[in-house]
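**Q** One file is attached below, coords14.cif, containing mmCIF, C-alpha atoms (C1' of nucleotides).
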```cif
data_entry
loop_
_atom_site.label_atom_id
_atom_site.label_comp_id
_atom_site.auth_asym_id
_atom_site.auth_seq_id
_atom_site.Cartn_x
_atom_site.Cartn_y
_atom_site.Cartn_z
CA MET G 308 -28.27 5.78 50.85
CA SER G 309 -29.71 7.63 47.93
CA ILE G 310 -27.45 9.31 45.46
CA ASP G 311 -26.92 13.02 45.01
CA ARG G 312 -29.21 13.61 42.03
CA ARG G 313 -27.16 16.37 40.49
CA SER G 314 -29.18 15.57 37.40
CA GLY G 315 -31.40 12.80 36.05
CA CYS G 316 -28.98 11.94 33.26
CA PRO G 317 -28.21 8.23 33.21
CA ILE G 318 -24.50 8.77 32.69
CA ASN G 319 -24.37 11.24 35.54
CA LEU G 320 -26.31 8.98 37.86
CA SER G 321 -24.07 6.05 36.98
CA LEU G 322 -21.06 8.19 37.84
CA GLU G 323 -22.62 9.10 41.14
CA VAL G 324 -22.77 5.40 41.91
CA PHE G 325 -19.22 4.42 40.97
CA GLY G 326 -17.45 7.60 39.93
CA ASP G 327 -14.70 7.05 42.46
CA ARG G 328 -11.43 5.18 42.62
CA TRP G 329 -12.55 2.13 44.53
CA SER G 330 -16.17 1.05 44.08
CA LEU G 331 -15.67 -0.52 40.68
CA ILE G 332 -12.38 -2.09 41.78
CA ILE G 333 -14.20 -3.92 44.58
CA LEU G 334 -16.91 -5.06 42.20
CA ARG G 335 -14.25 -6.16 39.71
CA ASP G 336 -12.60 -8.33 42.36
CA MET G 337 -15.93 -9.87 43.28
CA ILE G 338 -17.00 -10.45 39.69
CA PHE G 339 -13.76 -11.61 38.14
CA GLY G 340 -11.82 -12.70 41.18
CA GLY G 341 -14.69 -14.47 42.91
CA ARG G 342 -14.02 -12.71 46.20
CA ARG G 343 -16.78 -12.95 48.76
CA HIS G 344 -15.17 -12.01 52.12
CA PHE G 345 -13.80 -8.80 53.56
CA ARG G 346 -10.33 -10.24 54.11
CA GLU G 347 -10.14 -11.66 50.62
CA LEU G 348 -10.92 -8.26 49.18
CA LEU G 349 -8.45 -6.63 51.53
CA ASN G 350 -5.45 -8.97 51.35
CA PHE G 351 -5.59 -9.97 47.70
CA SER G 352 -6.23 -6.45 46.47
CA LEU G 353 -3.79 -5.67 43.67
CA GLU G 354 -4.19 -1.96 44.22
CA GLY G 355 -3.83 -2.11 48.00
CA ILE G 356 -7.13 -0.84 49.30
CA ALA G 357 -7.17 0.32 52.93
CA SER G 358 -9.50 -1.42 55.34
CA ASN G 359 -11.47 1.67 56.28
CA ILE G 360 -12.10 2.52 52.66
CA LEU G 361 -13.09 -1.04 51.90
CA ALA G 362 -15.53 -1.04 54.82
CA ASP G 363 -16.97 2.28 53.73
CA ARG G 364 -17.44 1.22 50.12
CA LEU G 365 -18.98 -2.12 51.00
CA LYS G 366 -21.49 -0.31 53.17
CA ARG G 367 -22.20 2.20 50.45
CA LEU G 368 -22.58 -0.46 47.77
CA MET G 369 -25.04 -2.29 50.01
CA GLU G 370 -27.04 0.88 50.60
CA LEU G 371 -27.13 1.50 46.86
CA GLY G 372 -28.41 -2.00 46.21
CA LEU G 373 -25.37 -3.46 44.47
CA LEU G 374 -24.37 -5.87 47.23
CA THR G 375 -25.96 -7.88 50.00
CA LYS G 376 -24.34 -9.30 53.10
CA ALA G 377 -25.10 -12.59 54.82
CA ASP G 378 -23.64 -14.59 57.68
CA ASP G 379 -21.26 -17.36 56.83
CA PRO G 380 -22.66 -20.48 58.51
CA SER G 381 -19.17 -21.94 58.88
CA HIS G 382 -17.75 -19.03 60.85
CA LYS G 383 -19.64 -16.78 63.22
CA GLN G 384 -17.59 -13.73 62.34
CA LYS G 385 -17.42 -14.17 58.61
CA ALA G 386 -19.74 -12.25 56.35
CA ILE G 387 -20.41 -13.31 52.78
CA TYR G 388 -20.97 -10.53 50.31
CA SER G 389 -23.10 -11.23 47.26
CA LEU G 390 -23.65 -9.36 44.05
CA THR G 391 -27.19 -8.30 43.26
CA GLU G 392 -28.67 -8.38 39.77
CA MET G 393 -27.88 -4.66 39.61
CA ALA G 394 -24.19 -5.41 40.06
CA ILE G 395 -24.17 -8.45 37.79
CA THR G 396 -25.42 -6.34 34.88
CA LEU G 397 -22.26 -4.26 35.18
CA VAL G 398 -20.43 -6.98 33.25
CA PRO G 399 -20.84 -5.25 29.86
CA ILE G 400 -19.53 -2.00 31.34
CA MET G 401 -16.55 -3.84 32.81
CA ALA G 402 -15.91 -5.47 29.45
CA GLN G 403 -15.98 -2.14 27.62
CA LEU G 404 -13.80 -0.47 30.22
CA GLY G 405 -11.31 -3.30 29.93
CA ALA G 406 -11.33 -3.17 26.16
CA TRP G 407 -10.77 0.57 26.14
CA GLY G 408 -8.04 0.44 28.76
CA ARG G 409 -6.28 -2.33 26.90
CA VAL G 410 -5.99 -0.17 23.81
CA TRP G 411 -5.08 3.17 25.33
CA LEU G 412 -3.38 2.61 28.66
CA PRO G 413 -0.14 0.97 29.80
CA VAL G 414 -1.67 -2.34 30.84
CA THR G 415 0.41 -5.38 31.67
CA GLU G 416 -0.02 -8.47 29.51
CA GLU G 417 -1.08 -10.87 32.26
CA LEU G 418 -3.67 -8.47 33.63
CA SER G 419 -5.17 -7.67 30.26
CA ILE G 420 -5.52 -11.15 28.84
CA ARG G 421 -8.87 -11.47 30.59
CA ALA G 422 -10.10 -8.23 29.07
CA GLU G 423 -9.00 -9.49 25.68
CA LEU G 424 -10.91 -12.75 26.07
CA LEU G 425 -13.99 -10.94 27.30
CA GLU G 426 -13.83 -8.60 24.34
CA LYS G 427 -13.42 -11.41 21.84
CA GLY G 428 -16.24 -13.39 23.41
CA GLY G 429 -18.57 -10.41 23.06
CA PRO G 430 -22.14 -10.25 24.35
CA PRO G 431 -22.72 -14.03 24.19
CA LEU G 432 -19.81 -14.64 26.54
CA TRP G 433 -20.90 -11.75 28.78
CA ASP G 434 -24.35 -13.34 29.00
CA GLN G 435 -22.90 -16.68 29.93
CA PHE G 436 -20.76 -15.06 32.58
CA MET G 437 -23.70 -13.13 34.04
CA ASP G 438 -25.65 -16.35 34.12
CA GLU G 439 -22.90 -18.00 36.13
CA LEU G 440 -22.79 -15.05 38.50
CA ARG G 441 -26.54 -15.33 39.04
CA HIS G 442 -26.03 -18.96 39.88
CA GLU G 443 -23.17 -18.19 42.24
CA HIS G 444 -24.62 -15.15 43.98
CA LEU G 445 -28.37 -15.39 43.65
CA GLY G 446 -28.84 -19.15 43.68
CA ALA G 447 -30.41 -19.10 40.24
CA PRO G 448 -30.43 -22.36 38.30
CA SER G 449 -27.40 -22.66 36.05
CA LYS G 450 -28.02 -22.82 32.33
CA THR G 451 -24.52 -23.96 31.46
CA PRO G 452 -24.36 -27.70 30.87
CA PRO G 453 -22.27 -29.50 33.50
CA GLY G 454 -18.75 -30.26 32.39
CA THR G 455 -18.43 -27.00 30.47
CA PRO G 456 -15.67 -24.81 31.88
CA THR G 457 -17.05 -21.67 33.48
CA VAL G 458 -16.13 -18.28 32.11
CA ARG G 459 -14.17 -17.50 35.24
CA GLN G 460 -12.25 -20.73 34.84
CA GLN G 461 -11.47 -19.83 31.24
CA LEU G 462 -10.30 -16.37 32.26
CA ARG G 463 -8.20 -17.78 35.08
CA ALA G 464 -6.63 -20.42 32.83
CA ALA G 465 -5.69 -17.78 30.26
CA TYR G 466 -4.19 -15.61 32.98
CA GLU G 467 -2.12 -18.43 34.39
CA GLU G 468 -0.94 -19.47 30.97
CA VAL G 469 0.47 -15.99 30.39
CA VAL G 470 2.09 -15.86 33.83
CA GLU G 471 3.70 -19.23 33.25
CA ARG G 472 4.90 -18.35 29.78
CA LYS G 473 6.45 -15.11 31.00
CA ALA G 474 8.13 -16.88 33.91
CA GLY G 475 9.39 -19.57 31.56
CA SER G 476 10.90 -17.15 29.09
CA VAL G 477 13.05 -15.68 31.86
CA THR G 478 14.39 -18.92 33.31
CA ALA G 479 14.65 -20.86 30.05
CA MET L 1089 0.56 13.88 33.25
CA SER L 1090 0.92 10.16 33.63
CA ILE L 1091 -1.47 8.18 35.74
CA ASP L 1092 -0.81 6.63 39.12
CA ARG L 1093 -0.16 3.03 38.01
CA ARG L 1094 -1.60 1.37 41.10
CA SER L 1095 -1.72 -1.70 38.88
CA GLY L 1096 -1.54 -2.63 35.21
CA CYS L 1097 -5.13 -3.86 35.16
CA PRO L 1098 -7.07 -2.26 32.31
CA ILE L 1099 -10.13 -1.61 34.46
CA ASN L 1100 -8.00 -0.02 37.16
CA LEU L 1101 -6.12 2.13 34.68
CA SER L 1102 -9.39 3.24 33.09
CA LEU L 1103 -10.63 4.26 36.52
CA GLU L 1104 -7.47 6.22 37.13
CA VAL L 1105 -8.29 8.20 34.01
CA PHE L 1106 -11.94 9.00 34.72
CA GLY L 1107 -12.71 7.60 38.14
CA ASP L 1108 -13.96 10.94 39.40
CA ARG L 1109 -17.17 12.89 39.34
CA TRP L 1110 -16.41 15.27 36.51
CA SER L 1111 -14.09 13.99 33.80
CA LEU L 1112 -16.65 11.80 32.09
CA ILE L 1113 -19.34 14.47 32.49
CA ILE L 1114 -17.20 16.91 30.54
CA LEU L 1115 -16.54 14.33 27.85
CA ARG L 1116 -20.25 13.51 27.73
CA ASP L 1117 -21.09 17.17 27.11
CA MET L 1118 -18.51 17.38 24.36
CA ILE L 1119 -19.55 14.11 22.71
CA PHE L 1120 -23.31 14.32 23.01
CA GLY L 1121 -23.81 18.04 23.52
CA GLY L 1122 -21.31 19.16 20.91
CA ARG L 1123 -19.66 21.59 23.31
CA ARG L 1124 -16.28 22.94 22.20
CA HIS L 1125 -15.68 26.03 24.35
CA PHE L 1126 -14.96 26.60 28.01
CA ARG L 1127 -18.01 28.83 28.52
CA GLU L 1128 -20.32 26.38 26.80
CA LEU L 1129 -19.18 23.64 29.13
CA LEU L 1130 -19.48 25.95 32.11
CA ASN L 1131 -22.81 27.70 31.48
CA PHE L 1132 -24.78 24.85 29.94
CA SER L 1133 -23.61 22.28 32.46
CA LEU L 1134 -26.63 20.43 33.82
CA GLU L 1135 -24.74 19.42 36.92
CA GLY L 1136 -23.29 22.85 37.61
CA ILE L 1137 -19.56 22.37 37.35
CA ALA L 1138 -17.40 25.07 38.95
CA SER L 1139 -15.02 26.97 36.74
CA ASN L 1140 -11.89 25.99 38.65
CA ILE L 1141 -12.78 22.32 38.45
CA LEU L 1142 -13.59 22.60 34.77
CA ALA L 1143 -10.25 24.27 34.13
CA ASP L 1144 -8.44 21.63 36.12
CA ARG L 1145 -10.15 18.72 34.36
CA LEU L 1146 -9.67 20.15 30.89
CA LYS L 1147 -5.98 20.48 31.64
CA ARG L 1148 -5.83 16.97 33.01
CA LEU L 1149 -7.72 15.50 30.07
CA MET L 1150 -5.32 17.22 27.70
CA GLU L 1151 -2.31 15.87 29.58
CA LEU L 1152 -3.81 12.40 29.43
CA GLY L 1153 -4.30 12.66 25.69
CA LEU L 1154 -8.09 12.76 25.58
CA LEU L 1155 -8.42 16.37 24.45
CA THR L 1156 -6.53 18.92 22.43
CA LYS L 1157 -6.86 22.68 22.50
CA ALA L 1158 -6.59 25.08 19.58
CA ASP L 1159 -7.13 28.79 19.02
CA ASP L 1160 -10.45 29.85 17.62
CA PRO L 1161 -9.60 31.92 14.55
CA SER L 1162 -12.78 33.97 14.96
CA HIS L 1163 -11.97 35.17 18.47
CA LYS L 1164 -8.50 35.70 19.87
CA GLN L 1165 -9.51 34.64 23.36
CA LYS L 1166 -11.56 31.62 22.49
CA ALA L 1167 -10.09 28.17 22.69
CA ILE L 1168 -11.60 25.24 20.85
CA TYR L 1169 -11.34 21.90 22.58
CA SER L 1170 -11.31 18.78 20.43
CA LEU L 1171 -11.73 15.13 21.24
CA THR L 1172 -8.88 12.83 20.33
CA GLU L 1173 -9.38 9.33 18.95
CA MET L 1174 -8.80 8.10 22.50
CA ALA L 1175 -11.82 10.07 23.70
CA ILE L 1176 -13.98 9.23 20.68
CA THR L 1177 -13.62 5.53 21.40
CA LEU L 1178 -15.30 6.11 24.75
CA VAL L 1179 -18.65 6.08 22.94
CA PRO L 1180 -19.32 2.38 23.65
CA ILE L 1181 -18.54 2.92 27.34
CA MET L 1182 -20.87 5.90 27.43
CA ALA L 1183 -23.57 3.84 25.74
CA GLN L 1184 -23.22 1.00 28.26
CA LEU L 1185 -23.16 3.41 31.20
CA GLY L 1186 -26.29 5.07 29.89
CA ALA L 1187 -28.03 1.76 29.32
CA TRP L 1188 -27.20 0.55 32.82
CA GLY L 1189 -28.18 3.81 34.49
CA ARG L 1190 -31.45 3.87 32.61
CA VAL L 1191 -32.41 0.50 34.05
CA TRP L 1192 -31.25 0.91 37.63
CA LEU L 1193 -31.24 4.58 38.54
CA PRO L 1194 -33.87 7.31 38.88
CA VAL L 1195 -33.29 8.88 35.48
CA THR L 1196 -35.63 11.43 33.99
CA GLU L 1197 -37.39 10.57 30.76
CA GLU L 1198 -36.09 13.43 28.66
CA LEU L 1199 -32.50 12.83 29.74
CA SER L 1200 -32.61 9.10 29.12
CA ILE L 1201 -34.22 9.03 25.71
CA ARG L 1202 -30.81 9.49 24.13
CA ALA L 1203 -29.40 6.55 26.08
CA GLU L 1204 -32.34 4.49 24.92
CA LEU L 1205 -31.75 5.35 21.27
CA LEU L 1206 -28.06 4.66 21.58
CA GLU L 1207 -28.77 1.31 23.17
CA LYS L 1208 -31.28 0.32 20.50
CA GLY L 1209 -28.96 1.41 17.72
CA GLY L 1210 -26.21 -0.78 19.11
CA PRO L 1211 -22.64 -1.00 17.78
CA PRO L 1212 -23.58 0.04 14.23
CA LEU L 1213 -25.02 3.32 15.49
CA TRP L 1214 -22.06 3.82 17.83
CA ASP L 1215 -19.73 3.38 14.87
CA GLN L 1216 -21.62 5.90 12.82
CA PHE L 1217 -21.51 8.33 15.72
CA MET L 1218 -17.79 7.85 16.25
CA ASP L 1219 -17.29 8.42 12.54
CA GLU L 1220 -19.14 11.72 12.79
CA LEU L 1221 -17.07 12.72 15.79
CA ARG L 1222 -13.89 11.97 13.84
CA HIS L 1223 -15.16 14.21 11.10
CA GLU L 1224 -16.09 16.96 13.53
CA HIS L 1225 -13.01 16.84 15.78
CA LEU L 1226 -10.23 15.33 13.72
CA GLY L 1227 -11.14 16.56 10.26
CA ALA L 1228 -11.50 13.03 8.98
CA PRO L 1229 -13.53 12.53 5.79
CA SER L 1230 -17.14 11.77 6.58
CA LYS L 1231 -18.47 8.40 5.52
CA THR L 1232 -22.11 9.29 6.04
CA PRO L 1233 -23.85 10.20 2.78
CA PRO L 1234 -24.91 13.86 2.66
CA GLY L 1235 -28.54 14.41 3.51
CA THR L 1236 -28.55 11.68 6.14
CA PRO L 1237 -29.35 13.06 9.57
CA THR L 1238 -26.38 12.83 11.93
CA VAL L 1239 -26.60 10.73 15.06
CA ARG L 1240 -26.41 13.83 17.21
CA GLN L 1241 -29.29 15.35 15.25
CA GLN L 1242 -31.31 12.18 15.79
CA LEU L 1243 -30.57 12.22 19.51
CA ARG L 1244 -31.40 15.89 19.76
CA ALA L 1245 -34.67 15.48 17.88
CA ALA L 1246 -35.73 12.63 20.16
CA TYR L 1247 -34.89 14.70 23.22
CA GLU L 1248 -36.86 17.68 22.01
CA GLU L 1249 -39.82 15.52 21.09
CA VAL L 1250 -40.01 14.26 24.67
CA VAL L 1251 -39.64 17.74 26.16
CA GLU L 1252 -42.37 19.06 23.89
CA ARG L 1253 -44.69 16.16 24.65
CA LYS L 1254 -44.21 16.57 28.39
CA ALA L 1255 -44.81 20.32 28.19
CA GLY L 1256 -47.92 19.73 26.08
CA SER L 1257 -49.41 17.22 28.48
CA VAL L 1258 -49.28 19.79 31.28
CA THR L 1259 -50.93 22.70 29.49
CA ALA L 1260 -53.37 20.66 27.42
"C1'" DT U 168 -6.34 -24.20 78.51
"C1'" DG U 169 -3.65 -20.90 76.43
"C1'" DC U 170 -2.24 -18.32 72.57
"C1'" DA U 171 -1.42 -16.96 67.92
"C1'" DA U 172 -3.86 -16.07 63.87
"C1'" DC U 173 -7.79 -14.35 61.79
"C1'" DC U 174 -12.60 -11.98 61.55
"C1'" DG U 175 -14.97 -7.54 59.97
"C1'" DA U 176 -14.47 -3.48 60.96
"C1'" DT U 177 -13.30 1.43 63.69
"C1'" DT U 178 -10.50 5.38 65.16
"C1'" DG U 179 -7.24 9.23 64.78
"C1'" DC U 180 -5.02 12.08 61.94
"C1'" DA U 181 -2.69 14.40 58.00
"C1'" DA U 182 -3.07 15.35 53.24
"C1'" DA U 183 -5.56 16.04 49.18
"C1'" DA U 184 -9.67 17.02 46.59
"C1'" DT U 185 -13.88 19.52 46.17
"C1'" DG U 186 -16.89 23.34 45.67
"C1'" DC U 187 -18.21 28.02 46.09
"C1'" DA U 188 -17.57 32.97 45.33
"C1'" DA U 189 -15.02 36.54 43.83
"C1'" DT U 190 -11.90 38.24 40.63
"C1'" DC U 191 -8.23 38.57 36.90
"C1'" DG U 192 -6.51 40.92 32.45
"C1'" DG U 193 -7.56 40.94 27.88
"C1'" DA U 194 -10.98 40.90 23.65
"C1'" DT U 195 -15.16 41.94 21.68
"C1'" DT U 196 -19.60 44.16 20.98
"C1'" DG U 197 -22.92 47.79 20.76
"C1'" DC M 694 -16.20 53.83 26.05
"C1'" DA M 695 -18.99 50.92 28.79
"C1'" DA M 696 -20.99 46.40 29.18
"C1'" DT M 697 -20.24 41.90 28.20
"C1'" DC M 698 -17.77 37.87 27.29
"C1'" DC M 699 -13.21 35.08 27.15
"C1'" DG M 700 -10.52 31.31 29.65
"C1'" DA M 701 -9.08 30.85 33.53
"C1'" DT M 702 -7.00 31.87 38.77
"C1'" DT M 703 -7.19 32.79 43.72
"C1'" DG M 704 -8.66 32.30 48.50
"C1'" DC M 705 -10.94 29.67 51.62
"C1'" DA M 706 -13.97 26.42 54.07
"C1'" DT M 707 -15.62 21.77 53.80
"C1'" DT M 708 -15.37 17.07 52.54
"C1'" DT M 709 -13.05 13.04 51.12
"C1'" DT M 710 -9.12 10.18 51.02
"C1'" DG M 711 -5.61 7.19 52.59
"C1'" DC M 712 -2.43 5.40 55.97
"C1'" DA M 713 -1.41 3.21 60.38
"C1'" DA M 714 -2.76 1.45 64.43
"C1'" DT M 715 -6.09 -0.84 66.90
"C1'" DC M 716 -10.68 -2.86 68.40
"C1'" DG M 717 -13.38 -6.85 70.55
"C1'" DG M 718 -14.61 -11.19 69.30
"C1'" DT M 719 -13.80 -16.09 66.99
"C1'" DT M 720 -11.21 -19.92 65.52
"C1'" DG M 721 -7.62 -23.48 65.10
"C1'" DC M 722 -4.08 -25.77 67.16
"C1'" DA M 723 -0.82 -27.46 70.71
#
```
Take the structure I supplied and represent it as structure tokens, if you would.

**A**
Amino acid sequence: MSIDRRSGCPINLSLEVFGDRWSLIILRDMIFGGRRHFRELLNFSLEGIASNILADRLKRLMELGLLTKADDPSHKQKAIYSLTEMAITLVPIMAQLGAWGRVWLPVTEELSIRAELLEKGGPPLWDQFMDELRHEHLGAPSKTPPGTPTVRQQLRAAYEEVVERKAGSVTA
Amino acid sequence: MSIDRRSGCPINLSLEVFGDRWSLIILRDMIFGGRRHFRELLNFSLEGIASNILADRLKRLMELGLLTKADDPSHKQKAIYSLTEMAITLVPIMAQLGAWGRVWLPVTEELSIRAELLEKGGPPLWDQFMDELRHEHLGAPSKTPPGTPTVRQQLRAAYEEVVERKAGSVTA
DNA sequence: TGCAACCGATTGCAAAATGCAATCGGATTG
DNA sequence: CAATCCGATTGCATTTTGCAATCGGTTGCA
């Protein structure tokens, strides 16, 4: 697939890649949620994506060079989707989108804590995260010293802490 | 208008605001192109937006709080569209989108020079630009010392320099 | 060996969004 | 007073979206 080419403007071309309601959501779930399989993306989707749309977008994202697909050696039917470098470098865009949404839109606390952390961490944290994604998806050597919590672990821990605190304040 | 609320995730909510092919294009033309009138947005649109879609998106962006509309005192039929603070703070997102598109997509040189400048300038330049937009659209006092070229002037000059150079290299 | 659960999709269909072309009534300009 | 410009609106065909059901094959378990 090649994109429309309405114009050669970088913002326009970026919009032609993910100027729809689902492409960036799928990439978000892969990047921040660590999803790698079709069913994970389908069943754990917060927004309730339909299977035909998911299939269509995965295909499109592969054709555009943002994802690759490989067989899962442990299961003859399973496919493993991986982010390409092109998709991994979306992290700063995701961070800015999250930061903006957190300020201006009716976000929930538990779903925005990750955006807050990512914003506070700034470019150094984004770089560390991208490095981890390269390790996870491209097999690149990891630069983070062993024992250090990964960015995704930090984000997950913060999320769970909020969920727990909110649950506690109701029952306590 | 209130958005769909598929989920309270900031990235999802941001996508519900401008996860379509035109909303961000219109905002881009207002932010970087300085467009304020319906006809300017319609006739100078690189991507060729249709008038019904433009009308629909302007209405939607107003309902979402990204734009305001006012009468043009010089012409009883003219409406002046202004960016709100909510829209002005999209500048970092625009910059990141431009930077990413410039790397990964088939941009043209003259249309990506502005993205390059914005990327090189980084957050300090974005802040200066947002300050100018606040002055232009919200009537805020300008912090930039008089005599300093505005960011939009710098971007425009760079664009025209490329266009001129490319035209020269053909005829020379 | 049988069967339920799971795998990545595909199909059919209705509803909504998109995009194009023509046109609206009023305001302004020459 | 005619041509042009103003911000839209209308009609209509095409495309995209989203939901629900289902596909053929694989796997895990009794």

**Q** Using CA of Gly1210 (chain L) and CA of Leu331 (chain G) as the two end points, give the distance in Å to one decimal.

**A**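 These two atoms are separated by 24.0 Å.
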
**Q** Could you please determine the separation between C1' of DT708 (chain M) and C1' of DA182 (chain U) in Å, to one decimal place?

**A**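 Separating C1' of DT708 (chain M) from C1' of DA182 (chain U) is a distance of 12.4 Å.
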
**Q** Hey, could you make a per-residue contact list for chain G against chain M with 12 Å as the cut-off, showing the nearest pair of atoms and its distance in Å to one decimal, counting only C-alpha atoms (C1' of nucleotides), sorted by chain and number, as a tab-separated table?

**A**
```
residue	atom	partner	partner_atom	distance
G:Asp327	CA	M:DT709	C1'	10.7
G:Arg328	CA	M:DT710	C1'	10.0
G:Trp329	CA	M:DT710	C1'	10.9
G:Gly355	CA	M:DG711	C1'	10.5
G:Ile356	CA	M:DG711	C1'	8.8
G:Ala357	CA	M:DG711	C1'	7.1
G:Ser358	CA	M:DG711	C1'	9.8
G:Asn359	CA	M:DG711	C1'	8.9
G:Ile360	CA	M:DG711	C1'	8.0
G:Leu361	CA	M:DG711	C1'	11.1
G:Asp363	CA	M:DT710	C1'	11.5
G:Ser381	CA	M:DT720	C1'	10.6
G:His382	CA	M:DT719	C1'	7.9
G:Lys383	CA	M:DT719	C1'	7.0
G:Gln384	CA	M:DT719	C1'	6.4
G:Lys385	CA	M:DT719	C1'	9.3
```

**Q** Enumerate, as a ChimeraX atom specification, the residues matched when the PyMOL selection byres ((chain L) within 8 of (chain G)) is run on the file above.

**A** /L:1094-1104,1106-1109,1113,1134-1135,1174,1177-1178,1180-1182,1184-1190,1192-1196,1199-1200,1203

**Q** Let me see the file: selected residues, C-alpha atoms, as an mmCIF file, in the coordinates of the input.

**A**
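Contents of the output file again_26.cif:
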```
data_model
loop_
_atom_site.group_PDB
_atom_site.id
_atom_site.type_symbol
_atom_site.label_atom_id
_atom_site.label_comp_id
_atom_site.auth_asym_id
_atom_site.auth_seq_id
_atom_site.Cartn_x
_atom_site.Cartn_y
_atom_site.Cartn_z
ATOM 1 C CA ARG L 1094 -1.600 1.370 41.100
ATOM 2 C CA SER L 1095 -1.720 -1.700 38.880
ATOM 3 C CA GLY L 1096 -1.540 -2.630 35.210
ATOM 4 C CA CYS L 1097 -5.130 -3.860 35.160
ATOM 5 C CA PRO L 1098 -7.070 -2.260 32.310
ATOM 6 C CA ILE L 1099 -10.130 -1.610 34.460
ATOM 7 C CA ASN L 1100 -8.000 -0.020 37.160
ATOM 8 C CA LEU L 1101 -6.120 2.130 34.680
ATOM 9 C CA SER L 1102 -9.390 3.240 33.090
ATOM 10 C CA LEU L 1103 -10.630 4.260 36.520
ATOM 11 C CA GLU L 1104 -7.470 6.220 37.130
ATOM 12 C CA PHE L 1106 -11.940 9.000 34.720
ATOM 13 C CA GLY L 1107 -12.710 7.600 38.140
ATOM 14 C CA ASP L 1108 -13.960 10.940 39.400
ATOM 15 C CA ARG L 1109 -17.170 12.890 39.340
ATOM 16 C CA ILE L 1113 -19.340 14.470 32.490
ATOM 17 C CA LEU L 1134 -26.630 20.430 33.820
ATOM 18 C CA GLU L 1135 -24.740 19.420 36.920
ATOM 19 C CA MET L 1174 -8.800 8.100 22.500
ATOM 20 C CA THR L 1177 -13.620 5.530 21.400
ATOM 21 C CA LEU L 1178 -15.300 6.110 24.750
ATOM 22 C CA PRO L 1180 -19.320 2.380 23.650
ATOM 23 C CA ILE L 1181 -18.540 2.920 27.340
ATOM 24 C CA MET L 1182 -20.870 5.900 27.430
ATOM 25 C CA GLN L 1184 -23.220 1.000 28.260
ATOM 26 C CA LEU L 1185 -23.160 3.410 31.200
ATOM 27 C CA GLY L 1186 -26.290 5.070 29.890
ATOM 28 C CA ALA L 1187 -28.030 1.760 29.320
ATOM 29 C CA TRP L 1188 -27.200 0.550 32.820
ATOM 30 C CA GLY L 1189 -28.180 3.810 34.490
ATOM 31 C CA ARG L 1190 -31.450 3.870 32.610
ATOM 32 C CA TRP L 1192 -31.250 0.910 37.630
ATOM 33 C CA LEU L 1193 -31.240 4.580 38.540
ATOM 34 C CA PRO L 1194 -33.870 7.310 38.880
ATOM 35 C CA VAL L 1195 -33.290 8.880 35.480
ATOM 36 C CA THR L 1196 -35.630 11.430 33.990
ATOM 37 C CA LEU L 1199 -32.500 12.830 29.740
ATOM 38 C CA SER L 1200 -32.610 9.100 29.120
ATOM 39 C CA ALA L 1203 -29.400 6.550 26.080
#
```

**Q** Expanded to explicit residues, what is the PyMOL selection byres ((chain U) within 9 of (chain L)) for this file, as a list in words?

**A**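 Expected selection for the PyMOL selection byres ((chain U) within 9 of (chain L)) here is DT185, DG186, DC187, DG193, DA194 and DT195 of chain U.
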
**Q** Name the residues that the PyMOL selection byres ((chain L and resi 1216-1232) around 10) picks from the file above, as a ChimeraX atom specification, using the file's chain letters and numbers.

**A** /L:1118-1120,1122,1124,1155-1156,1168-1173,1175-1180,1206,1209,1211-1215,1233-1240

**Q** Around all of region 694-703 of chain M's listed atoms, make the axis-aligned box with 3 Å on each side and tell me centre and edge lengths in Å to one decimal, as AutoDock Vina command-line options.

**A**
```
--center_x -14.0 --center_y 42.3 --center_z 34.9 --size_x 20.0 --size_y 29.0 --size_z 23.7
```
